[in-house]
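*Asks:* Input structure: structure.tsv, which contains TSV, N, CA and C atoms.
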chain	number	residue	atom	x	y	z
A	522	GLN	N	-18.25	102.95	15.82
A	522	GLN	CA	-19.12	102.07	15.04
A	522	GLN	C	-20.57	102.53	15.19
A	523	VAL	N	-21.23	102.69	14.05
A	523	VAL	CA	-22.60	103.15	14.06
A	523	VAL	C	-23.54	101.97	14.35
A	524	GLN	N	-24.46	102.21	15.27
A	524	GLN	CA	-25.49	101.21	15.55
A	524	GLN	C	-26.84	101.88	15.69
A	525	LEU	N	-27.82	101.30	15.04
A	525	LEU	CA	-29.22	101.67	15.22
A	525	LEU	C	-29.94	100.41	15.66
A	526	VAL	N	-30.52	100.45	16.84
A	526	VAL	CA	-31.14	99.25	17.41
A	526	VAL	C	-32.62	99.50	17.64
A	527	GLU	N	-33.42	98.75	16.90
A	527	GLU	CA	-34.87	98.88	17.01
A	527	GLU	C	-35.42	97.93	18.07
A	528	SER	N	-36.53	98.32	18.65
A	528	SER	CA	-37.26	97.46	19.58
A	528	SER	C	-38.72	97.85	19.57
A	529	GLY	N	-39.55	96.98	20.16
A	529	GLY	CA	-40.96	97.30	20.31
A	529	GLY	C	-41.88	96.58	19.35
A	530	GLY	N	-41.32	95.82	18.44
A	530	GLY	CA	-42.17	95.08	17.52
A	530	GLY	C	-42.84	93.91	18.22
A	531	GLY	N	-43.77	93.27	17.50
A	531	GLY	CA	-44.45	92.13	18.08
A	531	GLY	C	-45.72	91.81	17.33
A	532	LEU	N	-46.53	90.98	17.96
A	532	LEU	CA	-47.82	90.56	17.39
A	532	LEU	C	-48.94	91.33	18.06
A	533	VAL	N	-49.81	91.91	17.26
A	533	VAL	CA	-50.92	92.70	17.79
A	533	VAL	C	-52.15	92.45	16.92
A	534	GLN	N	-53.30	92.56	17.52
A	534	GLN	CA	-54.54	92.42	16.75
A	534	GLN	C	-54.84	93.69	15.97
A	535	ALA	N	-55.57	93.53	14.89
A	535	ALA	CA	-55.99	94.68	14.11
A	535	ALA	C	-56.74	95.66	15.01
A	536	GLY	N	-56.44	96.94	14.83
A	536	GLY	CA	-57.03	97.97	15.67
A	536	GLY	C	-56.19	98.32	16.88
A	537	GLY	N	-55.19	97.52	17.15
A	537	GLY	CA	-54.33	97.75	18.30
A	537	GLY	C	-53.22	98.74	18.03
A	538	SER	N	-52.34	98.87	19.03
A	538	SER	CA	-51.26	99.85	18.95
A	538	SER	C	-49.92	99.22	19.34
A	539	LEU	N	-48.88	99.79	18.79
A	539	LEU	CA	-47.51	99.45	19.18
A	539	LEU	C	-46.68	100.72	19.13
A	540	ARG	N	-45.63	100.76	19.94
A	540	ARG	CA	-44.66	101.85	19.84
A	540	ARG	C	-43.29	101.27	19.60
A	541	LEU	N	-42.71	101.66	18.48
A	541	LEU	CA	-41.35	101.24	18.15
A	541	LEU	C	-40.36	102.28	18.65
A	542	SER	N	-39.19	101.80	19.04
A	542	SER	CA	-38.11	102.68	19.46
A	542	SER	C	-36.84	102.31	18.69
A	543	CYS	N	-36.01	103.30	18.49
A	543	CYS	CA	-34.71	103.07	17.84
A	543	CYS	C	-33.69	103.93	18.54
A	544	VAL	N	-32.68	103.28	19.10
A	544	VAL	CA	-31.61	103.98	19.78
A	544	VAL	C	-30.38	104.01	18.88
A	545	GLY	N	-29.83	105.19	18.70
A	545	GLY	CA	-28.66	105.34	17.85
A	545	GLY	C	-27.40	105.57	18.66
A	546	SER	N	-26.29	105.01	18.18
A	546	SER	CA	-24.99	105.26	18.78
A	546	SER	C	-23.96	105.35	17.67
A	547	GLY	N	-22.88	106.05	17.95
A	547	GLY	CA	-21.84	106.20	16.95
A	547	GLY	C	-22.15	107.24	15.89
A	548	ILE	N	-23.26	107.96	16.06
A	548	ILE	CA	-23.62	109.04	15.14
A	548	ILE	C	-23.92	110.28	15.96
A	549	ILE	N	-23.91	111.41	15.29
A	549	ILE	CA	-24.34	112.65	15.94
A	549	ILE	C	-25.86	112.68	15.79
A	550	PHE	N	-26.54	112.14	16.77
A	550	PHE	CA	-27.97	111.88	16.63
A	550	PHE	C	-28.75	113.16	16.33
A	551	SER	N	-28.47	114.21	17.06
A	551	SER	CA	-29.25	115.45	16.90
A	551	SER	C	-29.05	116.06	15.52
A	552	PHE	N	-27.97	115.74	14.86
A	552	PHE	CA	-27.65	116.24	13.52
A	552	PHE	C	-28.36	115.44	12.44
A	553	SER	N	-28.76	114.22	12.77
A	553	SER	CA	-29.26	113.27	11.78
A	553	SER	C	-30.75	113.43	11.53
A	554	ASP	N	-31.13	113.25	10.27
A	554	ASP	CA	-32.53	113.07	9.94
A	554	ASP	C	-32.85	111.60	10.15
A	555	MET	N	-33.92	111.33	10.86
A	555	MET	CA	-34.25	109.96	11.24
A	555	MET	C	-35.54	109.51	10.54
A	556	GLY	N	-35.63	108.22	10.32
A	556	GLY	CA	-36.81	107.72	9.64
A	556	GLY	C	-37.13	106.29	9.98
A	557	TRP	N	-38.34	105.92	9.66
A	557	TRP	CA	-38.79	104.53	9.76
A	557	TRP	C	-39.23	104.09	8.37
A	558	TYR	N	-38.77	102.92	7.99
A	558	TYR	CA	-39.16	102.29	6.74
A	558	TYR	C	-39.68	100.90	7.06
A	559	ARG	N	-40.36	100.30	6.11
A	559	ARG	CA	-40.83	98.93	6.34
A	559	ARG	C	-40.75	98.13	5.05
A	560	GLN	N	-40.66	96.82	5.24
A	560	GLN	CA	-40.60	95.92	4.10
A	560	GLN	C	-41.45	94.70	4.41
A	561	ALA	N	-42.49	94.52	3.60
A	561	ALA	CA	-43.36	93.35	3.73
A	561	ALA	C	-42.82	92.24	2.82
A	562	PRO	N	-43.16	90.99	3.09
A	562	PRO	CA	-42.69	89.89	2.26
A	562	PRO	C	-43.04	90.08	0.80
A	563	GLY	N	-42.04	89.95	-0.07
A	563	GLY	CA	-42.27	90.08	-1.49
A	563	GLY	C	-42.41	91.50	-2.00
A	564	LYS	N	-42.21	92.46	-1.11
A	564	LYS	CA	-42.35	93.86	-1.52
A	564	LYS	C	-41.06	94.62	-1.27
A	565	GLN	N	-40.95	95.77	-1.91
A	565	GLN	CA	-39.79	96.62	-1.70
A	565	GLN	C	-39.92	97.39	-0.40
A	566	ARG	N	-38.78	97.79	0.12
A	566	ARG	CA	-38.78	98.62	1.32
A	566	ARG	C	-39.41	99.97	0.98
A	567	GLU	N	-40.27	100.45	1.89
A	567	GLU	CA	-40.96	101.71	1.65
A	567	GLU	C	-40.86	102.63	2.85
A	568	LEU	N	-40.93	103.92	2.57
A	568	LEU	CA	-40.89	104.92	3.63
A	568	LEU	C	-42.19	104.88	4.43
A	569	VAL	N	-42.05	104.96	5.74
A	569	VAL	CA	-43.22	105.08	6.62
A	569	VAL	C	-43.32	106.51	7.14
A	570	ALA	N	-42.24	106.99	7.74
A	570	ALA	CA	-42.25	108.33	8.32
A	570	ALA	C	-40.82	108.80	8.53
A	571	THR	N	-40.62	110.10	8.41
A	571	THR	CA	-39.32	110.69	8.69
A	571	THR	C	-39.48	111.93	9.56
A	572	ILE	N	-38.42	112.24	10.28
A	572	ILE	CA	-38.37	113.46	11.07
A	572	ILE	C	-36.97	114.03	10.93
A	573	THR	N	-36.91	115.29	10.51
A	573	THR	CA	-35.60	115.90	10.28
A	573	THR	C	-34.97	116.33	11.61
A	574	SER	N	-33.73	116.79	11.51
A	574	SER	CA	-33.03	117.26	12.70
A	574	SER	C	-33.73	118.48	13.32
A	575	THR	N	-34.50	119.18	12.50
A	575	THR	CA	-35.22	120.36	13.00
A	575	THR	C	-36.66	120.04	13.39
A	576	GLY	N	-37.05	118.76	13.25
A	576	GLY	CA	-38.37	118.36	13.73
A	576	GLY	C	-39.47	118.32	12.68
A	577	TRP	N	-39.11	118.58	11.42
A	577	TRP	CA	-40.14	118.52	10.36
A	577	TRP	C	-40.47	117.06	10.09
A	578	ARG	N	-41.76	116.75	10.02
A	578	ARG	CA	-42.21	115.36	9.86
A	578	ARG	C	-42.83	115.13	8.49
A	579	ASN	N	-42.67	113.91	8.02
A	579	ASN	CA	-43.27	113.50	6.75
A	579	ASN	C	-43.77	112.07	6.91
A	580	TYR	N	-44.96	111.79	6.34
A	580	TYR	CA	-45.56	110.47	6.48
A	580	TYR	C	-46.00	109.93	5.13
A	581	ALA	N	-45.94	108.61	5.01
A	581	ALA	CA	-46.57	107.96	3.88
A	581	ALA	C	-48.08	108.14	3.99
A	582	ASP	N	-48.74	108.26	2.83
A	582	ASP	CA	-50.19	108.47	2.85
A	582	ASP	C	-50.91	107.34	3.59
A	583	SER	N	-50.37	106.13	3.49
A	583	SER	CA	-51.04	104.96	4.06
A	583	SER	C	-51.06	104.98	5.60
A	584	VAL	N	-50.23	105.81	6.23
A	584	VAL	CA	-50.16	105.82	7.69
A	584	VAL	C	-50.57	107.16	8.31
A	585	LYS	N	-50.84	108.15	7.47
A	585	LYS	CA	-51.22	109.47	7.99
A	585	LYS	C	-52.46	109.35	8.87
A	586	GLY	N	-52.39	110.01	10.02
A	586	GLY	CA	-53.51	109.99	10.94
A	586	GLY	C	-53.49	108.80	11.89
A	587	ARG	N	-52.63	107.82	11.62
A	587	ARG	CA	-52.56	106.64	12.48
A	587	ARG	C	-51.20	106.51	13.17
A	588	PHE	N	-50.13	106.91	12.49
A	588	PHE	CA	-48.78	106.79	13.02
A	588	PHE	C	-48.23	108.17	13.36
A	589	THR	N	-47.38	108.21	14.39
A	589	THR	CA	-46.72	109.45	14.77
A	589	THR	C	-45.24	109.17	15.02
A	590	ILE	N	-44.38	109.93	14.36
A	590	ILE	CA	-42.95	109.82	14.59
A	590	ILE	C	-42.52	110.95	15.52
A	591	SER	N	-41.60	110.63	16.41
A	591	SER	CA	-41.07	111.64	17.33
A	591	SER	C	-39.63	111.27	17.66
A	592	ARG	N	-38.92	112.21	18.26
A	592	ARG	CA	-37.54	111.96	18.62
A	592	ARG	C	-37.22	112.61	19.95
A	593	ASP	N	-36.27	112.00	20.64
A	593	ASP	CA	-35.75	112.55	21.90
A	593	ASP	C	-34.23	112.57	21.76
A	594	ASN	N	-33.69	113.73	21.42
A	594	ASN	CA	-32.26	113.82	21.17
A	594	ASN	C	-31.43	113.55	22.42
A	595	ALA	N	-31.98	113.85	23.57
A	595	ALA	CA	-31.27	113.60	24.83
A	595	ALA	C	-31.05	112.11	25.06
A	596	LYS	N	-31.95	111.30	24.48
A	596	LYS	CA	-31.86	109.84	24.63
A	596	LYS	C	-31.38	109.16	23.35
A	597	ASN	N	-31.02	109.94	22.35
A	597	ASN	CA	-30.60	109.37	21.06
A	597	ASN	C	-31.62	108.38	20.52
A	598	THR	N	-32.88	108.70	20.65
A	598	THR	CA	-33.95	107.76	20.34
A	598	THR	C	-35.00	108.40	19.43
A	599	VAL	N	-35.44	107.61	18.47
A	599	VAL	CA	-36.58	107.99	17.64
A	599	VAL	C	-37.67	106.96	17.86
A	600	TYR	N	-38.90	107.43	17.86
A	600	TYR	CA	-40.05	106.58	18.16
A	600	TYR	C	-41.03	106.57	16.97
A	601	LEU	N	-41.79	105.49	16.91
A	601	LEU	CA	-42.90	105.44	15.98
A	601	LEU	C	-44.10	104.88	16.73
A	602	GLN	N	-45.05	105.75	17.03
A	602	GLN	CA	-46.29	105.33	17.66
A	602	GLN	C	-47.25	104.92	16.56
A	603	MET	N	-47.71	103.68	16.64
A	603	MET	CA	-48.59	103.13	15.60
A	603	MET	C	-49.92	102.76	16.22
A	604	ASN	N	-50.96	103.44	15.79
A	604	ASN	CA	-52.31	103.19	16.27
A	604	ASN	C	-53.19	102.67	15.14
A	605	SER	N	-54.32	102.10	15.52
A	605	SER	CA	-55.29	101.59	14.54
A	605	SER	C	-54.60	100.71	13.50
A	606	LEU	N	-53.81	99.79	13.98
A	606	LEU	CA	-53.02	98.95	13.08
A	606	LEU	C	-53.92	98.06	12.22
A	607	LYS	N	-53.45	97.86	10.99
A	607	LYS	CA	-54.16	97.04	10.02
A	607	LYS	C	-53.27	95.87	9.60
A	608	SER	N	-53.87	94.86	9.03
A	608	SER	CA	-53.08	93.70	8.60
A	608	SER	C	-52.03	94.10	7.57
A	609	GLU	N	-52.35	95.11	6.78
A	609	GLU	CA	-51.39	95.56	5.76
A	609	GLU	C	-50.20	96.31	6.34
A	610	ASP	N	-50.21	96.57	7.62
A	610	ASP	CA	-49.05	97.17	8.29
A	610	ASP	C	-48.02	96.11	8.67
A	611	THR	N	-48.35	94.85	8.48
A	611	THR	CA	-47.41	93.77	8.80
A	611	THR	C	-46.17	93.88	7.94
A	612	ALA	N	-45.02	93.94	8.58
A	612	ALA	CA	-43.75	94.11	7.88
A	612	ALA	C	-42.61	94.11	8.88
A	613	VAL	N	-41.41	94.08	8.36
A	613	VAL	CA	-40.24	94.37	9.18
A	613	VAL	C	-40.01	95.88	9.11
A	614	TYR	N	-39.89	96.50	10.26
A	614	TYR	CA	-39.71	97.95	10.34
A	614	TYR	C	-38.25	98.25	10.63
A	615	TYR	N	-37.70	99.15	9.81
A	615	TYR	CA	-36.29	99.52	9.90
A	615	TYR	C	-36.12	100.98	10.28
A	616	CYS	N	-35.18	101.22	11.14
A	616	CYS	CA	-34.80	102.58	11.52
A	616	CYS	C	-33.70	103.07	10.58
A	617	ASN	N	-33.73	104.32	10.26
A	617	ASN	CA	-32.79	104.92	9.31
A	617	ASN	C	-32.28	106.25	9.86
A	618	ALA	N	-30.99	106.49	9.64
A	618	ALA	CA	-30.40	107.79	9.96
A	618	ALA	C	-29.64	108.26	8.73
A	619	GLU	N	-29.85	109.50	8.34
A	619	GLU	CA	-29.13	110.00	7.18
A	619	GLU	C	-28.99	111.51	7.22
A	620	LYS	N	-27.99	111.98	6.44
A	620	LYS	CA	-27.75	113.42	6.30
A	620	LYS	C	-26.87	113.63	5.10
A	621	GLY	N	-27.42	113.44	3.93
A	621	GLY	CA	-26.67	113.70	2.72
A	621	GLY	C	-25.84	112.52	2.25
A	622	PRO	N	-25.12	112.71	1.14
A	622	PRO	CA	-24.33	111.61	0.54
A	622	PRO	C	-23.32	111.03	1.52
A	623	GLY	N	-23.25	109.72	1.56
A	623	GLY	CA	-22.27	109.05	2.39
A	623	GLY	C	-22.64	108.95	3.85
A	624	TYR	N	-23.77	109.43	4.21
A	624	TYR	CA	-24.22	109.39	5.61
A	624	TYR	C	-25.61	108.80	5.62
A	625	ARG	N	-25.65	107.45	5.61
A	625	ARG	CA	-26.92	106.76	5.63
A	625	ARG	C	-26.73	105.41	6.30
A	626	TYR	N	-27.49	105.21	7.37
A	626	TYR	CA	-27.32	104.01	8.17
A	626	TYR	C	-28.67	103.36	8.43
A	627	TRP	N	-28.63	102.04	8.61
A	627	TRP	CA	-29.84	101.27	8.86
A	627	TRP	C	-29.70	100.39	10.09
A	628	GLY	N	-30.82	100.19	10.77
A	628	GLY	CA	-30.86	99.18	11.80
A	628	GLY	C	-31.16	97.82	11.19
A	629	ARG	N	-31.25	96.81	12.04
A	629	ARG	CA	-31.49	95.45	11.56
A	629	ARG	C	-32.96	95.13	11.42
A	630	GLY	N	-33.80	95.95	11.99
A	630	GLY	CA	-35.24	95.77	11.82
A	630	GLY	C	-35.92	95.08	12.99
A	631	THR	N	-37.21	95.34	13.10
A	631	THR	CA	-38.05	94.68	14.10
A	631	THR	C	-39.35	94.28	13.43
A	632	GLN	N	-39.79	93.06	13.72
A	632	GLN	CA	-40.98	92.52	13.05
A	632	GLN	C	-42.25	93.04	13.72
A	633	VAL	N	-43.16	93.50	12.89
A	633	VAL	CA	-44.51	93.86	13.34
A	633	VAL	C	-45.50	92.98	12.59
A	634	THR	N	-46.31	92.26	13.34
A	634	THR	CA	-47.31	91.39	12.74
A	634	THR	C	-48.68	91.77	13.28
A	635	VAL	N	-49.59	92.09	12.38
A	635	VAL	CA	-50.94	92.49	12.76
A	635	VAL	C	-51.89	91.40	12.30
A	636	SER	N	-52.57	90.80	13.26
A	636	SER	CA	-53.51	89.73	12.93
A	636	SER	C	-54.91	90.30	12.74
A	637	SER	N	-55.60	89.78	11.77
A	637	SER	CA	-56.94	90.29	11.48
A	637	SER	C	-58.01	89.43	12.12
So that I can check it, write out the structure of this file as structure tokens.

*Replies:*
Amino acid sequence: QVQLVESGGGLVQAGGSLRLSCVGSGIIFSFSDMGWYRQAPGKQRELVATITSTGWRNYADSVKGRFTISRDNAKNTVYLQMNSLKSEDTAVYYCNAEKGPGYRYWGRGTQVTVSS
């Protein structure tokens, strides 16, 4: 059974930092491309950052220079370091694992709330 379990969300003041973690099980973690997405109330889910199995990173323009995605294959974990948080970063953050058609999994999400 595939599980992606996020943690690290919470309430933080604008300008603060949080680090999200996502632990994967039931998948070949090192083979998977991993990502973080977010969904704010009334909005569609959007890409935040991805990191491929080979370590190539991609970021949404809105988080470039503030967020950093990384992975530790030995721990089956992907991280999202979020600095200089803004109120518009408030959302539920979801972990994603994928590798082509039929291989796409989601975690249940962790809430991030940034107070201004």

*Asks:* Which neighbours of segment 602-607 of chain A fall inside 6.5 Å, counting all atoms listed in the file, when residues of the same chain fewer than 2 positions from it are skipped, and could you give them as number ranges by chain?

*Replies:* A: 534-541, 587-591, 600, 609-611, 635-636

*Asks:* To one decimal place in Å, what is the distance between atom CA of Gly531 of chain A and atom N of Gly563 of chain A?

*Replies:*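 Between these atoms lies a distance of 18.4 Å.
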
*Asks:* Among chain A, which ones does DSSP place in strand (DSSP E or B), written as an NGL selection string?

*Replies:* :A and (524-528 or 531-534 or 539-546 or 554-560 or 567-572 or 578-580 or 588-593 or 598-603 or 612-619 or 625-627 or 631-636)

*Asks:* Select, from A:Ala612, A:Glu527, A:Gly621, A:Arg592, the residue with the minimum atom-to-atom distance to Val544 of chain A, counting only N, CA and C atoms.

*Replies:*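 Checking each of A:Ala612, A:Glu527, A:Gly621, A:Arg592 against Val544 of chain A, counting only N, CA and C atoms, the winner is A:Glu527.
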
*Asks:* So how many Å separate atom CA of Gly530 of chain A and atom CA of Gly623 of chain A, to one decimal?

*Replies:*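 Value for the atom CA of Gly530 of chain A-atom CA of Gly623 of chain A distance: 28.6 Å.
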
*Asks:* Taking into account only N, CA and C atoms, which residue in the set A:Ala570, A:Val533, A:Val526, A:Cys543 is nearest to Met555 of chain A?

*Replies:*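 Ranked by minimum distance to Met555 of chain A, first place goes to A:Ala570.
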
*Asks:* Could you tell me how far atom CA of Phe552 of chain A lies from atom CA of Gly586 of chain A, in Å and to one decimal?

*Replies:*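 Between atom CA of Phe552 of chain A and atom CA of Gly586 of chain A the gap works out to 26.7 Å.
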
*Asks:* Using only C-alpha atoms, find the one residue out of A:Thr631, A:Thr573, A:Ser583, A:Ser546 that sits nearest to Thr598 of chain A.

*Replies:*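 Checking each of A:Thr631, A:Thr573, A:Ser583, A:Ser546 against Thr598 of chain A, counting only C-alpha atoms, the winner is A:Ser546.
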
*Asks:* When you count all atoms listed in the file, which of these residues is closest to Tyr614 of chain A: A:Ser542, A:Thr571, A:Gln522, A:Gln560?

*Replies:*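 For Tyr614 of chain A, the nearest of the candidates is A:Gln560.
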
*Asks:* Rank nothing, just name the residue among A:Val523, A:Leu601, A:Val584, A:Leu532 nearest to Gly547 of chain A, using only C-alpha atoms.

*Replies:*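 Smallest separation from Gly547 of chain A among the options: A:Val523.
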
*Asks:* Report as a PyMOL selection string all protein, DNA and RNA residues lying within 5 Å of Asn617 of chain A, evaluated on only N, CA and C atoms, omitting residues in the same chain fewer than 3 positions from it.

*Replies:* chain A and resi 555-557+626-627

*Asks:* Which centre and which edge lengths, in Å to one decimal, describe the axis-aligned box that holds all listed atoms of segment 595-605 of chain A after 3 Å is added on each side, as lines of an AutoDock Vina configuration file?

*Replies:*
center_x = -42.9
center_y = 107.3
center_z = 19.3
size_x = 30.7
size_y = 19.1
size_z = 17.6

*Asks:* Using DSSP on the backbone coordinates, identify all residues within chain A classified as helix (DSSP H, G or I); present the result as a list in words.

*Replies:*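 The helix (DSSP H, G or I) subset of chain A is Phe550, Ser551, Phe552, Asn594, Ala595, Lys596, Ser608, Glu609 and Asp610 of chain A.
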
*Asks:* Go through A:Val613, A:Leu568, A:Leu525, A:Ile549 and flag the residue nearest Gln632 of chain A, using all atoms listed in the file for the distances.

*Replies:* A:Val613

*Asks:* Which residues, written as a PDB file with N, CA and C atoms, keeping the file's coordinate frame, have at least one atom at most 5 Å from Val569 of chain A, with all atoms listed in the file counted and residues fewer than 3 positions away on the same chain left out?

*Replies:*
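Writing done, so here's around.pdb:
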ATOM      1  N   TRP A 557     -38.340 105.920   9.660  1.00  0.00           N
ATOM      2  CA  TRP A 557     -38.790 104.530   9.760  1.00  0.00           C
ATOM      3  C   TRP A 557     -39.230 104.090   8.370  1.00  0.00           C
ATOM      4  N   TYR A 558     -38.770 102.920   7.990  1.00  0.00           N
ATOM      5  CA  TYR A 558     -39.160 102.290   6.740  1.00  0.00           C
ATOM      6  C   TYR A 558     -39.680 100.900   7.060  1.00  0.00           C
ATOM      7  N   ARG A 559     -40.360 100.300   6.110  1.00  0.00           N
ATOM      8  CA  ARG A 559     -40.830  98.930   6.340  1.00  0.00           C
ATOM      9  C   ARG A 559     -40.750  98.130   5.050  1.00  0.00           C
ATOM     10  N   TYR A 580     -44.960 111.790   6.340  1.00  0.00           N
ATOM     11  CA  TYR A 580     -45.560 110.470   6.480  1.00  0.00           C
ATOM     12  C   TYR A 580     -46.000 109.930   5.130  1.00  0.00           C
ATOM     13  N   ALA A 581     -45.940 108.610   5.010  1.00  0.00           N
ATOM     14  CA  ALA A 581     -46.570 107.960   3.880  1.00  0.00           C
ATOM     15  C   ALA A 581     -48.080 108.140   3.990  1.00  0.00           C
TER      16      ALA A 581
END

*Asks:* Mind completing segment 604-612 of chain A with all heavy atoms? Output as an mmCIF file, in the coordinates of the input, please?

*Replies:*
data_model
loop_
_atom_site.group_PDB
_atom_site.id
_atom_site.type_symbol
_atom_site.label_atom_id
_atom_site.label_comp_id
_atom_site.auth_asym_id
_atom_site.auth_seq_id
_atom_site.Cartn_x
_atom_site.Cartn_y
_atom_site.Cartn_z
ATOM 1 N N ASN A 604 -50.960 103.440 15.790
ATOM 2 C CA ASN A 604 -52.310 103.190 16.270
ATOM 3 C C ASN A 604 -53.190 102.670 15.140
ATOM 4 O O ASN A 604 -52.847 102.789 13.967
ATOM 5 C CB ASN A 604 -52.906 104.469 16.842
ATOM 6 C CG ASN A 604 -52.133 105.017 18.018
ATOM 7 O OD1 ASN A 604 -51.521 104.263 18.791
ATOM 8 N ND2 ASN A 604 -52.133 106.333 18.170
ATOM 9 N N SER A 605 -54.320 102.100 15.520
ATOM 10 C CA SER A 605 -55.290 101.590 14.540
ATOM 11 C C SER A 605 -54.600 100.710 13.500
ATOM 12 O O SER A 605 -54.801 100.869 12.289
ATOM 13 C CB SER A 605 -56.007 102.761 13.847
ATOM 14 O OG SER A 605 -56.664 103.576 14.798
ATOM 15 N N LEU A 606 -53.810 99.790 13.980
ATOM 16 C CA LEU A 606 -53.020 98.950 13.080
ATOM 17 C C LEU A 606 -53.920 98.060 12.220
ATOM 18 O O LEU A 606 -54.981 97.597 12.654
ATOM 19 C CB LEU A 606 -52.037 98.103 13.882
ATOM 20 C CG LEU A 606 -50.806 98.881 14.356
ATOM 21 C CD1 LEU A 606 -50.120 98.165 15.505
ATOM 22 C CD2 LEU A 606 -49.836 99.083 13.202
ATOM 23 N N LYS A 607 -53.450 97.860 10.990
ATOM 24 C CA LYS A 607 -54.160 97.040 10.020
ATOM 25 C C LYS A 607 -53.270 95.870 9.600
ATOM 26 O O LYS A 607 -52.039 95.943 9.741
ATOM 27 C CB LYS A 607 -54.502 97.873 8.779
ATOM 28 C CG LYS A 607 -55.279 99.143 9.069
ATOM 29 C CD LYS A 607 -55.460 99.963 7.805
ATOM 30 C CE LYS A 607 -56.207 101.255 8.075
ATOM 31 N NZ LYS A 607 -56.374 102.056 6.833
ATOM 32 N N SER A 608 -53.870 94.860 9.030
ATOM 33 C CA SER A 608 -53.080 93.700 8.600
ATOM 34 C C SER A 608 -52.030 94.100 7.570
ATOM 35 O O SER A 608 -50.937 93.529 7.537
ATOM 36 C CB SER A 608 -54.007 92.624 8.040
ATOM 37 O OG SER A 608 -54.776 93.126 6.959
ATOM 38 N N GLU A 609 -52.350 95.110 6.780
ATOM 39 C CA GLU A 609 -51.390 95.560 5.760
ATOM 40 C C GLU A 609 -50.200 96.310 6.340
ATOM 41 O O GLU A 609 -49.266 96.650 5.604
ATOM 42 C CB GLU A 609 -52.074 96.416 4.684
ATOM 43 C CG GLU A 609 -52.909 97.547 5.220
ATOM 44 C CD GLU A 609 -54.389 97.185 5.276
ATOM 45 O OE1 GLU A 609 -54.727 96.068 5.740
ATOM 46 O OE2 GLU A 609 -55.212 98.036 4.872
ATOM 47 N N ASP A 610 -50.210 96.570 7.620
ATOM 48 C CA ASP A 610 -49.050 97.170 8.290
ATOM 49 C C ASP A 610 -48.020 96.110 8.670
ATOM 50 O O ASP A 610 -46.927 96.448 9.130
ATOM 51 C CB ASP A 610 -49.473 97.922 9.544
ATOM 52 C CG ASP A 610 -50.354 99.124 9.235
ATOM 53 O OD1 ASP A 610 -50.060 99.842 8.265
ATOM 54 O OD2 ASP A 610 -51.336 99.331 9.977
ATOM 55 N N THR A 611 -48.350 94.850 8.480
ATOM 56 C CA THR A 611 -47.410 93.770 8.800
ATOM 57 C C THR A 611 -46.170 93.880 7.940
ATOM 58 O O THR A 611 -46.257 93.926 6.709
ATOM 59 C CB THR A 611 -48.082 92.400 8.582
ATOM 60 O OG1 THR A 611 -49.152 92.254 9.519
ATOM 61 C CG2 THR A 611 -47.084 91.274 8.769
ATOM 62 N N ALA A 612 -45.020 93.940 8.580
ATOM 63 C CA ALA A 612 -43.750 94.110 7.880
ATOM 64 C C ALA A 612 -42.610 94.110 8.880
ATOM 65 O O ALA A 612 -42.842 94.149 10.098
ATOM 66 C CB ALA A 612 -43.743 95.432 7.110
#
